[in-house]
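S.K.: Got a structure for you, questions after.
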Amino acid sequence: MEHYHLAKNRLTYLAKKSVELIEMSNFFDLKITVKPEHIDILGHVNNVVYVAWMQDVATAHIEHLGVGLDKYLEMKHAMVAVEHHVQYRKAALEGDEIILRTWFNDINALYSFRQYAFYRAKDQALLFVANTKWACVEIETGRPKRMSPTFIQAYQPYDGEQDPYDFSQE
């Protein structure tokens, strides 16, 4: 339950910040502005901030789909990250507007697979790419569980009609 409150607080925190949801049919975009607290001693966004942004955009996406944190509690199971692969391409700097893009690229009875591409809005420079393997677990026990039909229906994979790396589609 403590993790739920932390995640819920993070979502509330995000709602109060300068973020903007951008409607896309195949992917989900969240626009953010790089703040001073995101910057490390090298003068650019710290690596761990990108991972936090992965969680932020994934959480905003599932809330948008109607299967967010409250639904997890109601259903007594949730999705948890079990594997991340990240690649840093270019630096983001204070004041940059960044588009956090995410989409599902696959789903099966046990896992969903989410992709991420973060880019700078002004020049469409690709800053970061990543993917996460998510597993369904029972909240009470933490044990793996087959994906519920609710999740399978909501977490539909990218259909291939639009290029998720074509950032001019905003």
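Ordering of the structure tokens sets the chain letters (A, B, ...); residue numbers start at 1 within each chain; ligands are numbered from 1 in the order shown.
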I want to know what sits within 7 Å of Pro157 (chain A), based on only C-alpha atoms, with residues of the same chain fewer than 2 positions away left out; could you give that as number ranges by chain?
M.R.: A: 104-107, 155, 159
S.K.: Take the residues from that selection and put them in a file with N, CA and C atoms, as a compact mmCIF listing (two decimals), in the first residue's frame.
M.R.:
# COMPACT_ATOMS: atom_id res chain seq x y z
N PHE A 104 2.95 0.54 -26.41
CA PHE A 104 3.12 -0.90 -26.23
C PHE A 104 3.51 -1.49 -27.57
N ASN A 105 4.53 -2.36 -27.56
CA ASN A 105 4.87 -2.99 -28.83
C ASN A 105 4.54 -4.48 -28.85
N ASP A 106 4.16 -5.03 -27.68
CA ASP A 106 3.75 -6.43 -27.63
C ASP A 106 3.08 -6.70 -26.29
N ILE A 107 2.28 -7.74 -26.27
CA ILE A 107 1.64 -8.19 -25.03
C ILE A 107 1.34 -9.67 -25.18
N TYR A 155 -4.07 -2.62 -23.06
CA TYR A 155 -2.67 -2.47 -23.46
C TYR A 155 -2.43 -2.99 -24.87
N ASP A 159 0.08 -0.43 -33.67
CA ASP A 159 -0.43 -1.09 -34.87
C ASP A 159 0.44 -0.91 -36.12
S.K.: Determine, counting only C-alpha atoms, which protein, DNA and RNA residues have an atom within 10 Å of an atom of Ala117 (chain A); residues of the same chain fewer than 3 positions away are not included. Present the result as a list of chain:residue names.
M.R.: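 Everything that qualifies: A:Asp29, A:Met54, A:Gln87, A:Ile99, A:Leu100, A:Arg101, A:Thr102, A:Trp103, A:Leu126, A:Leu127, A:Phe128, A:Val129, A:Ala130, A:Asn131, A:Pro164, A:Tyr165, A:Phe167.
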S.K.: Env of Asp96 (chain A): 12 Å cut, atoms = only C-alpha atoms, seq-sep filter 6 positions within chain, self excluded. Answer as a list in words.
M.R.: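 Final neighbour list, sorted by chain and number: Lys31, Ile32, Thr33, Val34, Lys35, Pro36, His38, Ile39, His44, Val45, Phe118, Tyr119, Arg120, Ala121, Lys122, Asp123, Gln124, Ala125 and Leu127 of chain A.
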S.K.: Could you jot down the CA of Glu94 (chain A) to CA of Leu42 (chain A) separation for me, Å, one decimal place?
M.R.: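 We find that CA of Glu94 (chain A) and CA of Leu42 (chain A) lie 11.7 Å from each other.
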S.K.: Assign secondary structure with DSSP using the backbone only, and return the residues of chain A in helix (DSSP H, G or I) as a PDB file with C-alpha atoms, in the first residue's frame.
M.R.:
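Once written, result16.pdb looks like this:
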ATOM      1  CA  GLU A   2       2.908   2.343   0.725  1.00  0.00           C
ATOM      2  CA  HIS A   3       4.111   2.054  -2.889  1.00  0.00           C
ATOM      3  CA  TYR A   4       0.634   2.993  -4.097  1.00  0.00           C
ATOM      4  CA  HIS A   5       0.756   6.201  -2.068  1.00  0.00           C
ATOM      5  CA  LEU A   6       4.214   7.010  -3.423  1.00  0.00           C
ATOM      6  CA  ALA A   7       3.047   6.452  -6.996  1.00  0.00           C
ATOM      7  CA  LYS A   8      -0.181   8.372  -6.403  1.00  0.00           C
ATOM      8  CA  ASN A   9       1.808  11.250  -4.881  1.00  0.00           C
ATOM      9  CA  ARG A  10       4.141  11.233  -7.903  1.00  0.00           C
ATOM     10  CA  LEU A  11       1.120  11.426 -10.219  1.00  0.00           C
ATOM     11  CA  THR A  12      -0.329  14.300  -8.165  1.00  0.00           C
ATOM     12  CA  TYR A  13       3.086  15.989  -8.289  1.00  0.00           C
ATOM     13  CA  LEU A  14       3.132  15.606 -12.072  1.00  0.00           C
ATOM     14  CA  ALA A  15      -0.363  17.046 -12.374  1.00  0.00           C
ATOM     15  CA  LYS A  16       0.817  20.212 -10.612  1.00  0.00           C
ATOM     16  CA  PRO A  36      16.842  22.875 -12.353  1.00  0.00           C
ATOM     17  CA  GLU A  37      16.312  19.843 -10.097  1.00  0.00           C
ATOM     18  CA  HIS A  38      16.715  17.550 -13.136  1.00  0.00           C
ATOM     19  CA  ASN A  47      20.564   9.675 -16.057  1.00  0.00           C
ATOM     20  CA  VAL A  48      18.260   8.559 -13.244  1.00  0.00           C
ATOM     21  CA  VAL A  49      15.814  11.338 -14.152  1.00  0.00           C
ATOM     22  CA  TYR A  50      15.202   9.658 -17.507  1.00  0.00           C
ATOM     23  CA  VAL A  51      14.244   6.435 -15.717  1.00  0.00           C
ATOM     24  CA  ALA A  52      11.882   8.408 -13.457  1.00  0.00           C
ATOM     25  CA  TRP A  53      10.380   9.961 -16.592  1.00  0.00           C
ATOM     26  CA  MET A  54       9.841   6.446 -17.986  1.00  0.00           C
ATOM     27  CA  GLN A  55       7.744   5.679 -14.909  1.00  0.00           C
ATOM     28  CA  ASP A  56       5.945   9.029 -15.142  1.00  0.00           C
ATOM     29  CA  VAL A  57       4.899   8.643 -18.775  1.00  0.00           C
ATOM     30  CA  ALA A  58       3.948   4.963 -18.294  1.00  0.00           C
ATOM     31  CA  THR A  59       1.807   5.898 -15.274  1.00  0.00           C
ATOM     32  CA  ALA A  60       0.154   8.786 -17.122  1.00  0.00           C
ATOM     33  CA  HIS A  61      -0.491   6.463 -20.075  1.00  0.00           C
ATOM     34  CA  ILE A  62      -2.211   3.749 -18.032  1.00  0.00           C
ATOM     35  CA  GLU A  63      -4.262   6.381 -16.189  1.00  0.00           C
ATOM     36  CA  HIS A  64      -5.306   7.734 -19.596  1.00  0.00           C
ATOM     37  CA  LEU A  65      -6.302   4.196 -20.641  1.00  0.00           C
ATOM     38  CA  LEU A  69      -3.425   2.765  -9.896  1.00  0.00           C
ATOM     39  CA  ASP A  70      -7.016   2.805  -8.616  1.00  0.00           C
ATOM     40  CA  LYS A  71      -7.951   0.011 -11.032  1.00  0.00           C
ATOM     41  CA  TYR A  72      -4.912  -1.979  -9.863  1.00  0.00           C
ATOM     42  CA  LEU A  73      -6.163  -1.827  -6.277  1.00  0.00           C
ATOM     43  CA  GLU A  74      -9.697  -2.733  -7.307  1.00  0.00           C
ATOM     44  CA  MET A  75      -8.476  -5.736  -9.322  1.00  0.00           C
ATOM     45  CA  PRO A 149      -8.463  -9.509 -19.812  1.00  0.00           C
ATOM     46  CA  THR A 150      -8.805  -5.888 -18.643  1.00  0.00           C
ATOM     47  CA  PHE A 151      -5.069  -5.323 -19.113  1.00  0.00           C
ATOM     48  CA  ILE A 152      -4.928  -7.234 -22.395  1.00  0.00           C
ATOM     49  CA  GLN A 153      -7.785  -5.165 -23.810  1.00  0.00           C
ATOM     50  CA  ALA A 154      -6.335  -1.827 -22.628  1.00  0.00           C
ATOM     51  CA  PHE A 167       8.312  13.350 -34.310  1.00  0.00           C
ATOM     52  CA  SER A 168       6.705  15.676 -36.858  1.00  0.00           C
ATOM     53  CA  GLN A 169       3.348  13.930 -36.269  1.00  0.00           C
TER      54      GLN A 169
END
S.K.: When distances are computed from only C-alpha atoms, which of A:Ile41, A:Arg114, A:Phe28, A:Asn46 shows the smallest separation from Val80 (chain A)?
M.R.: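 Smallest distance to Val80 (chain A) is found for A:Arg114.
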S.K.: Could you tell me which of A:Lys145, A:Ile98, A:Gln162, A:Tyr116 comes closest to His84 (chain A) if we count only C-alpha atoms?
M.R.: A:Tyr116
S.K.: Can you pull out the residues contacting His77 (chain A)? Cut-off 6 Å, using only C-alpha atoms, and skip same-chain residues under 5 positions away; I want them as a list in words.
M.R.: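 Contacts, with the query itself left out: Tyr72, Val137, Glu138 and Ile139 of chain A.
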S.K.: I'd like the interatomic distance between CA of Asn108 (chain A) and CA of Arg146 (chain A), to a tenth of an Å.
M.R.: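 Calculated distance between CA of Asn108 (chain A) and CA of Arg146 (chain A) is 9.0 Å.
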S.K.: Restricting the calculation to only C-alpha atoms: of A:Ala109, A:Leu30, A:Gln115, A:Glu161, which residue gets closest to Lys133 (chain A)?
M.R.: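 Closest candidate: A:Gln115.
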S.K.: Can you list, as a list in words, all residues belonging to region 122-151 of chain A that DSSP tags as strand (DSSP E or B)?
M.R.: Leu126, Leu127, Phe128, Val129, Ala130, Asn131, Thr132, Lys133, Trp134, Ala135, Cys136, Val137, Glu138 and Pro144 of chain A
